[in-house]
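The block underneath contains the structure these notes are about, expressed in structure tokens.
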Amino acid sequence: MHNKHSWAEPYKIKMIEPIVMTTKEFRQKALKEAGYNTFLLRSKDVYIDLLTDSGTSAMSDRQWAGIMMGDEAYAGSRNFYHLEKTIQDYYSYKYIVPTHQGRAAEHMLSQILIKKGDYVPGNMYFTTTKLHQEMAGGTFVDIIVDEAHDPDSLYKFKGDVDLNKLQKLIDKVGAEKIPYVSIASTVNMAGGQPMSMANLKALRQLTNKYGIKIMHDMTRIAENAFMIQLNEEGYADKTVSEIVYEFNLLTDGATMSAKKDALVNIGGFLAVNDYDTFDKARNMVVVYEGLHTYGGMAGRDMEALAIGIKESVQDDHIRARVGQVFYLGQKLLDMGVPIVKPVGTHGVFLDAKAFLPHVSQDKFPAQSLAAELYLDSGVRAMERGVVSAGRNKKTGEHNYPKLELVRLTIPRRVYTQAHMDVIAESVQRVFEKRDSINGMKMIYEPEYLRFFQARFEKL
Ligand code: PM9
């Protein structure tokens with residue numbers, strides 16, 4: 001049914017939050033003070049904030065009503081049981097440990113399952129996921145299909161795992177050195193690209209043969225399910241909710257940053273089907289997060305999350321959410337701006353290598369482009385290239401990813417179609433003056449997840 005009517009939003013606006021338009025001179029100063037890193041800008045100085053879709057969703061009136069139903073008991077809050085049942089009913093997983101956000105769940109999962117010297121294959125790295133795998137003594141191995149590293153490949157399921165790459169790793173290091181395969185739906189660093197159900201089924205078969213678990217980063221599972229409904233044979237008549245459930249059933253557990261798909265401003269969880277891992281996580285959560293029935297969230301946060309999960313898998317919602325991203329992507333394609341194709345589900349990713357071919361990767365083209373976009377219009381985007389990829393653990397050199405991207409991330413239920421038009425016009429203006437944009441040098445580099453706090457100077 002999804003192709004038969006427009007993607008217009010299935011809601012109307014009840015409350016607004018003013019945003020300010022600033023002058024170019026003002027933005028010039030703000031950018032310099034922020035070390036040309038969009039993470040270090042103050043949000044009050046931003047006009048349209050496309051830094052991330054994480055924790056930036058607009059909650060519904062139902063969710064806000066849920067906030068008033070918060071049961072702030074230290075132990076056994078009724079909101080926890082509502083959340084637990086919602087995760088079991090909608091996401092299929094048996095045992096749930098709440099956390100304050102996704103990386104806390106990644107921390108516990110990595111510490112529990114990874115031993116020093118292990119290998120963790122995955123469909124492309126994610127910054128926090130990989131860091132926690134490494135801190136637990138593991139080595140991440142990229143086993144995503146080659147098409148995912150090519151911004152121009154039109155392959156529909158660029159999140160798919162290349163099973164030959166996995167088989168090769170198993171043959172080389174042995175299955176006992178692979179605690180689990182780490183899959184994400186959708187793949188953020190590839191440009192918000194989905195994984196197909198057929199590929200996951202094949203992966204399940206292969207991992208079953210060797211007794212290897214599949215752990216699922218389900219941060220954007222509803223968006224992945226929508227792409228399966230849209231493009232995978234046999235799924236057009238299934239609901240997004242049914243597809244989400246079927247997908248999860250093929251995996252052994254999940255980490256979730258509920259700040260994305262699930263329409264809340266804070267929250268996450270670890271969910272597993274085996275009791276042993278659950279028991280260890282429940283022991284660990286009290287050390288790092290809080291009691292196992294709140295794990296760093298207030299009762300009201302858990303209530304908003306339980307409601308948000310149900311809203312996030314509604315077909316009308318997800319069609320409008322992804323439809324808005326597609327609208328912006330198509331506009332940029334029509335303007336001839338180089339972006340990752342096909343358009344992703346949570347944002348449009350500018351291909352900085354093609355945008356600024358005269359800026360070499362060691363001069364941070366994506367970082368420079370994000371700064372330039374803010375300067376032009378006050379639109380804040382995020383670098384997803386060499387700065388995000390960090391350094392090689394052994395050699396200390398920069399990791400140079402094939403994809404050097406600027407992510408225009410669309411918050412859920414926040415901006416209008418007119419905002420999308422303004423964003424596209426600004427990108428076009430920057431594109432027209434691209435020859436005058438130079439690279440940057442890094443003048444401060446923190447040890448962990450450097451993209452958050454690094455500082456730069458213009459060359
Ligand atoms: N993603 C994003 O903007 C938040 C800031 S960048 C680290 O895309 C995946 C696929 C994510 C993600 C966060 C996390 C971590 C795990 N997996 O931010 O800790 O996209 O809730 O989740 C960001 P938390």
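Ligands are numbered from 1 in the order shown, chains are lettered A, B, ... in the order of the structure tokens, and residues start at 1 in each chain.
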Q.
DSSP on the backbone, strand (DSSP E) only: what residues of stretch 112-332 of chain A does that give? Format it as a VMD selection string.
A. chain A and resid 119 to 122 139 to 142 180 to 184 213 to 217 253 to 257 268 to 272
Could you please take those selected residues and save N, CA and C atoms as an mmCIF file, in the first residue's frame?
```cif
data_model
loop_
_atom_site.group_PDB
_atom_site.id
_atom_site.type_symbol
_atom_site.label_atom_id
_atom_site.label_comp_id
_atom_site.auth_asym_id
_atom_site.auth_seq_id
_atom_site.Cartn_x
_atom_site.Cartn_y
_atom_site.Cartn_z
ATOM 1 N N TYR A 119 37.768 -12.013 17.828
ATOM 2 C CA TYR A 119 37.442 -11.199 16.661
ATOM 3 C C TYR A 119 35.932 -10.983 16.621
ATOM 4 N N VAL A 120 35.532 -9.770 16.279
ATOM 5 C CA VAL A 120 34.100 -9.482 16.191
ATOM 6 C C VAL A 120 33.784 -8.966 14.789
ATOM 7 N N PRO A 121 33.281 -9.853 13.922
ATOM 8 C CA PRO A 121 32.907 -9.399 12.583
ATOM 9 C C PRO A 121 31.594 -8.627 12.615
ATOM 10 N N GLY A 122 31.482 -7.658 11.712
ATOM 11 C CA GLY A 122 30.250 -6.872 11.694
ATOM 12 C C GLY A 122 30.010 -6.222 10.346
ATOM 13 N N THR A 139 38.966 -7.548 18.308
ATOM 14 C CA THR A 139 39.326 -6.837 17.084
ATOM 15 C C THR A 139 38.129 -6.877 16.149
ATOM 16 N N PHE A 140 37.697 -5.709 15.714
ATOM 17 C CA PHE A 140 36.559 -5.643 14.800
ATOM 18 C C PHE A 140 37.016 -5.995 13.385
ATOM 19 N N VAL A 141 36.203 -6.797 12.676
ATOM 20 C CA VAL A 141 36.514 -7.139 11.281
ATOM 21 C C VAL A 141 35.299 -6.796 10.418
ATOM 22 N N ASP A 142 35.535 -5.963 9.423
ATOM 23 C CA ASP A 142 34.429 -5.517 8.565
ATOM 24 C C ASP A 142 34.070 -6.607 7.548
ATOM 25 N N TYR A 180 30.544 -13.516 18.650
ATOM 26 C CA TYR A 180 29.288 -13.214 17.951
ATOM 27 C C TYR A 180 29.556 -12.385 16.705
ATOM 28 N N VAL A 181 28.567 -12.400 15.815
ATOM 29 C CA VAL A 181 28.596 -11.486 14.671
ATOM 30 C C VAL A 181 27.762 -10.282 15.072
ATOM 31 N N SER A 182 28.303 -9.090 14.833
ATOM 32 C CA SER A 182 27.658 -7.856 15.258
ATOM 33 C C SER A 182 26.985 -7.213 14.044
ATOM 34 N N ILE A 183 25.658 -7.281 13.985
ATOM 35 C CA ILE A 183 24.987 -6.685 12.825
ATOM 36 C C ILE A 183 24.148 -5.480 13.250
ATOM 37 N N ALA A 184 24.135 -4.503 12.384
ATOM 38 C CA ALA A 184 23.315 -3.322 12.644
ATOM 39 C C ALA A 184 22.240 -3.219 11.576
ATOM 40 N N LYS A 213 26.921 -16.703 17.878
ATOM 41 C CA LYS A 213 25.728 -15.882 18.126
ATOM 42 C C LYS A 213 25.641 -14.725 17.121
ATOM 43 N N ILE A 214 24.426 -14.195 16.957
ATOM 44 C CA ILE A 214 24.255 -12.934 16.209
ATOM 45 C C ILE A 214 23.715 -11.890 17.188
ATOM 46 N N MET A 215 24.459 -10.813 17.374
ATOM 47 C CA MET A 215 23.999 -9.716 18.226
ATOM 48 C C MET A 215 23.638 -8.524 17.343
ATOM 49 N N HIS A 216 22.501 -7.942 17.645
ATOM 50 C CA HIS A 216 21.849 -7.009 16.740
ATOM 51 C C HIS A 216 21.847 -5.597 17.330
ATOM 52 N N ASP A 217 22.490 -4.667 16.655
ATOM 53 C CA ASP A 217 22.346 -3.261 17.025
ATOM 54 C C ASP A 217 21.055 -2.780 16.367
ATOM 55 N N GLY A 253 20.175 -11.551 20.406
ATOM 56 C CA GLY A 253 20.049 -10.481 21.385
ATOM 57 C C GLY A 253 20.304 -9.156 20.704
ATOM 58 N N ALA A 254 20.136 -8.065 21.461
ATOM 59 C CA ALA A 254 20.246 -6.752 20.840
ATOM 60 C C ALA A 254 20.724 -5.704 21.828
ATOM 61 N N THR A 255 21.425 -4.709 21.260
ATOM 62 C CA THR A 255 21.658 -3.476 22.005
ATOM 63 C C THR A 255 20.812 -2.412 21.323
ATOM 64 N N MET A 256 20.303 -1.496 22.105
ATOM 65 C CA MET A 256 19.405 -0.496 21.544
ATOM 66 C C MET A 256 19.730 0.891 22.087
ATOM 67 N N SER A 257 19.951 1.828 21.175
ATOM 68 C CA SER A 257 19.918 3.225 21.551
ATOM 69 C C SER A 257 18.505 3.700 21.231
ATOM 70 N N GLY A 268 17.805 3.386 26.541
ATOM 71 C CA GLY A 268 18.352 2.274 25.771
ATOM 72 C C GLY A 268 18.185 0.989 26.556
ATOM 73 N N PHE A 269 18.661 -0.104 25.993
ATOM 74 C CA PHE A 269 18.616 -1.380 26.731
ATOM 75 C C PHE A 269 19.471 -2.423 26.053
ATOM 76 N N LEU A 270 19.765 -3.467 26.845
ATOM 77 C CA LEU A 270 20.342 -4.694 26.319
ATOM 78 C C LEU A 270 19.232 -5.729 26.431
ATOM 79 N N ALA A 271 19.013 -6.494 25.355
ATOM 80 C CA ALA A 271 17.964 -7.519 25.386
ATOM 81 C C ALA A 271 18.564 -8.811 24.842
ATOM 82 N N VAL A 272 18.381 -9.902 25.558
ATOM 83 C CA VAL A 272 18.960 -11.177 25.111
ATOM 84 C C VAL A 272 17.965 -12.305 25.337
#
```
Q | Surrounding residues of stretch 222-233 of chain A excluding itself and chain neighbours under 6 positions, 9 Å, only C-alpha atoms, as a PyMOL selection string | A | chain A and resi 2-3+156-157+185-187+192-198+239-244+247+261-262+312-315+318-319+321-322+345-346
How about saving the chosen residues, N, CA, C and O atoms kept, as a compact mmCIF listing (two decimals), in the first residue's frame?
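Written output follows (selection-v5.txt):
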```txt
# COMPACT_ATOMS: atom_id res chain seq x y z
N HIS A 2 2.15 1.12 0.38
CA HIS A 2 2.95 2.32 0.66
C HIS A 2 3.15 3.25 -0.52
O HIS A 2 3.43 4.41 -0.33
N ASN A 3 3.02 2.75 -1.76
CA ASN A 3 3.29 3.63 -2.90
C ASN A 3 2.07 4.42 -3.33
O ASN A 3 2.15 5.28 -4.19
N LYS A 156 20.46 -2.34 -3.37
CA LYS A 156 19.37 -1.93 -2.46
C LYS A 156 19.61 -2.30 -1.00
O LYS A 156 19.06 -1.67 -0.10
N PHE A 157 20.41 -3.35 -0.76
CA PHE A 157 20.64 -3.75 0.63
C PHE A 157 22.14 -3.70 0.94
O PHE A 157 22.78 -4.72 1.15
N SER A 185 21.07 -2.80 12.01
CA SER A 185 19.97 -2.51 11.08
C SER A 185 19.55 -1.07 11.39
O SER A 185 19.23 -0.81 12.51
N THR A 186 19.60 -0.21 10.56
CA THR A 186 20.30 -0.02 9.32
C THR A 186 21.77 0.33 9.60
O THR A 186 22.10 0.62 10.75
N VAL A 187 22.62 0.37 8.57
CA VAL A 187 24.04 0.64 8.82
C VAL A 187 24.32 2.13 8.70
O VAL A 187 24.31 2.72 7.62
N GLY A 192 23.14 4.94 6.27
CA GLY A 192 21.77 4.56 6.65
C GLY A 192 21.20 3.51 5.72
O GLY A 192 20.07 3.63 5.24
N GLN A 193 21.99 2.47 5.46
CA GLN A 193 21.61 1.45 4.46
C GLN A 193 21.09 0.18 5.14
O GLN A 193 21.65 -0.28 6.13
N PRO A 194 20.02 -0.41 4.59
CA PRO A 194 19.38 -1.56 5.24
C PRO A 194 20.03 -2.91 4.92
O PRO A 194 20.76 -3.06 3.95
N MET A 195 19.70 -3.87 5.77
CA MET A 195 20.11 -5.27 5.58
C MET A 195 18.86 -6.05 5.20
O MET A 195 17.79 -5.80 5.76
N SER A 196 18.99 -6.99 4.28
CA SER A 196 17.79 -7.72 3.85
C SER A 196 17.51 -8.90 4.76
O SER A 196 18.41 -9.43 5.43
N MET A 197 16.26 -9.33 4.78
CA MET A 197 15.87 -10.50 5.57
C MET A 197 16.54 -11.75 5.02
O MET A 197 16.99 -12.62 5.77
N ALA A 198 16.63 -11.83 3.68
CA ALA A 198 17.23 -13.02 3.07
C ALA A 198 18.68 -13.17 3.51
O ALA A 198 19.14 -14.27 3.82
N THR A 239 3.26 -5.97 7.66
CA THR A 239 3.40 -4.67 8.33
C THR A 239 4.84 -4.51 8.80
O THR A 239 5.56 -5.50 8.99
N VAL A 240 5.22 -3.25 9.01
CA VAL A 240 6.56 -2.97 9.53
C VAL A 240 6.75 -3.68 10.88
O VAL A 240 7.79 -4.27 11.15
N SER A 241 5.71 -3.65 11.68
CA SER A 241 5.78 -4.29 12.99
C SER A 241 6.06 -5.80 12.86
O SER A 241 6.89 -6.37 13.59
N GLU A 242 5.39 -6.44 11.91
CA GLU A 242 5.63 -7.89 11.69
C GLU A 242 7.06 -8.15 11.22
O GLU A 242 7.70 -9.11 11.63
N ILE A 243 7.54 -7.26 10.36
CA ILE A 243 8.89 -7.45 9.81
C ILE A 243 9.95 -7.25 10.91
O ILE A 243 10.91 -8.01 11.00
N VAL A 244 9.72 -6.24 11.76
CA VAL A 244 10.63 -6.01 12.89
C VAL A 244 10.74 -7.28 13.74
O VAL A 244 11.83 -7.75 14.09
N PHE A 247 12.58 -10.15 11.94
CA PHE A 247 14.03 -9.86 11.85
C PHE A 247 14.71 -10.19 13.18
O PHE A 247 15.71 -10.91 13.24
N ASP A 261 15.18 5.37 16.65
CA ASP A 261 13.90 4.81 16.24
C ASP A 261 12.76 4.99 17.23
O ASP A 261 11.63 5.26 16.85
N ALA A 262 13.06 4.80 18.50
CA ALA A 262 12.00 4.65 19.50
C ALA A 262 11.46 5.98 20.03
O ALA A 262 10.70 6.00 21.00
N SER A 312 6.67 3.78 16.97
CA SER A 312 7.75 3.74 15.97
C SER A 312 7.55 2.67 14.91
O SER A 312 8.15 2.75 13.85
N VAL A 313 6.76 1.65 15.21
CA VAL A 313 6.60 0.57 14.23
C VAL A 313 5.28 0.67 13.45
O VAL A 313 4.90 -0.26 12.74
N GLN A 314 4.58 1.81 13.59
CA GLN A 314 3.35 2.00 12.81
C GLN A 314 3.72 2.35 11.37
O GLN A 314 4.56 3.23 11.14
N ASP A 315 3.07 1.71 10.42
CA ASP A 315 3.42 1.93 9.01
C ASP A 315 3.30 3.41 8.60
O ASP A 315 4.17 3.93 7.90
N ILE A 318 6.33 5.48 9.93
CA ILE A 318 7.65 5.21 9.35
C ILE A 318 7.69 5.62 7.88
O ILE A 318 8.72 6.06 7.37
N ARG A 319 6.55 5.51 7.20
CA ARG A 319 6.50 5.94 5.80
C ARG A 319 6.75 7.46 5.70
O ARG A 319 7.47 7.94 4.83
N ARG A 321 8.29 9.30 8.03
CA ARG A 321 9.64 9.60 8.53
C ARG A 321 10.69 9.41 7.40
O ARG A 321 11.47 10.29 7.09
N VAL A 322 10.65 8.22 6.80
CA VAL A 322 11.64 7.94 5.76
C VAL A 322 11.30 8.75 4.50
O VAL A 322 12.19 9.22 3.79
N THR A 345 17.97 6.01 5.29
CA THR A 345 16.67 6.18 5.96
C THR A 345 16.67 7.25 7.04
O THR A 345 15.62 7.79 7.37
N HIS A 346 17.83 7.55 7.64
CA HIS A 346 17.80 8.54 8.73
C HIS A 346 18.48 9.85 8.35
O HIS A 346 18.50 10.78 9.16
```
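Closest approach to A:Val20 among A:Arg380, A:Lys165, A:Lys280, A:Lys44 is made by A:Lys44 (distances from only C-alpha atoms).
Note that atom CA of A:Leu350 and atom CA of A:Met382 are 10.2 Å apart.
When only C-alpha atoms are used to compute distances to A:Ser368, the closest of the residues A:Asp49, A:Glu457, A:Glu289, A:Asp301 turns out to be A:Glu457.
The closest residue to A:Glu106, picked from A:Val406, A:Leu131, A:Met442, A:Leu305 and counting only C-alpha atoms, is A:Leu131.
Residues in contact with A:Ala418 at 12 Å, where only C-alpha atoms are counted and same-chain residues fewer than 4 positions away are skipped, are listed as Ile48, Gln324, Tyr327, Leu328, Val414, Val422, Ile423, Ala424 and Glu425 of chain A.
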With N, CA, C and O atoms retained, export the selected residues as a compact mmCIF listing (two decimals), in the first residue's frame.
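Output file again-v9.txt follows:
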```
# COMPACT_ATOMS: atom_id res chain seq x y z
N ILE A 48 18.92 25.13 11.70
CA ILE A 48 18.30 23.81 11.50
C ILE A 48 19.33 22.77 11.92
O ILE A 48 20.43 22.70 11.36
N GLN A 324 10.28 11.76 4.30
CA GLN A 324 10.85 13.10 4.40
C GLN A 324 12.35 13.08 4.05
O GLN A 324 12.85 13.98 3.37
N TYR A 327 12.66 12.74 0.37
CA TYR A 327 12.32 14.01 -0.29
C TYR A 327 13.57 14.90 -0.41
O TYR A 327 13.89 15.42 -1.48
N LEU A 328 14.29 15.04 0.72
CA LEU A 328 15.50 15.85 0.71
C LEU A 328 16.55 15.23 -0.22
O LEU A 328 17.20 15.93 -1.01
N VAL A 414 10.20 16.55 13.59
CA VAL A 414 10.65 17.85 14.09
C VAL A 414 10.55 18.95 13.02
O VAL A 414 10.03 20.03 13.30
N VAL A 422 14.96 24.60 2.46
CA VAL A 422 16.01 25.54 2.87
C VAL A 422 17.37 24.83 2.96
O VAL A 422 18.40 25.36 2.54
N ILE A 423 17.34 23.61 3.49
CA ILE A 423 18.59 22.83 3.61
C ILE A 423 19.16 22.57 2.22
O ILE A 423 20.36 22.78 1.97
N ALA A 424 18.31 22.12 1.32
CA ALA A 424 18.78 21.79 -0.04
C ALA A 424 19.36 23.02 -0.73
O ALA A 424 20.41 22.94 -1.39
N GLU A 425 18.70 24.16 -0.55
CA GLU A 425 19.20 25.39 -1.19
C GLU A 425 20.58 25.77 -0.64
O GLU A 425 21.46 26.22 -1.37
```
Q.
Please return, as a ChimeraX atom specification, all residues of stretch 205-375 of chain A that DSSP assigns to alpha helix (DSSP H) on the basis of the backbone.
A. /A:205-210,221-231,240-249,275-288,299-312,315-334,352-355,365-375
Q: Can you pull out every residue within 10 Å of A:Tyr275, counting only C-alpha atoms, but drop anything in the same chain fewer than 6 positions away, and send it as a list of chain:residue names?
A: A:Lys94, A:Tyr95, A:Ala281
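The closest residue to A:Asn123, picked from A:Lys201, A:His149, A:Lys458, A:Lys177 and counting only C-alpha atoms, is A:His149.
Rounded to one decimal, atom CA of A:Phe355 and atom CA of A:Thr52 lie 21.1 Å from each other.
Considering the residues A:Leu113, A:Ile143, A:Ala298, A:Ala30 and counting only C-alpha atoms, A:Ala75 has its shortest atom-to-atom contact with A:Ala298.
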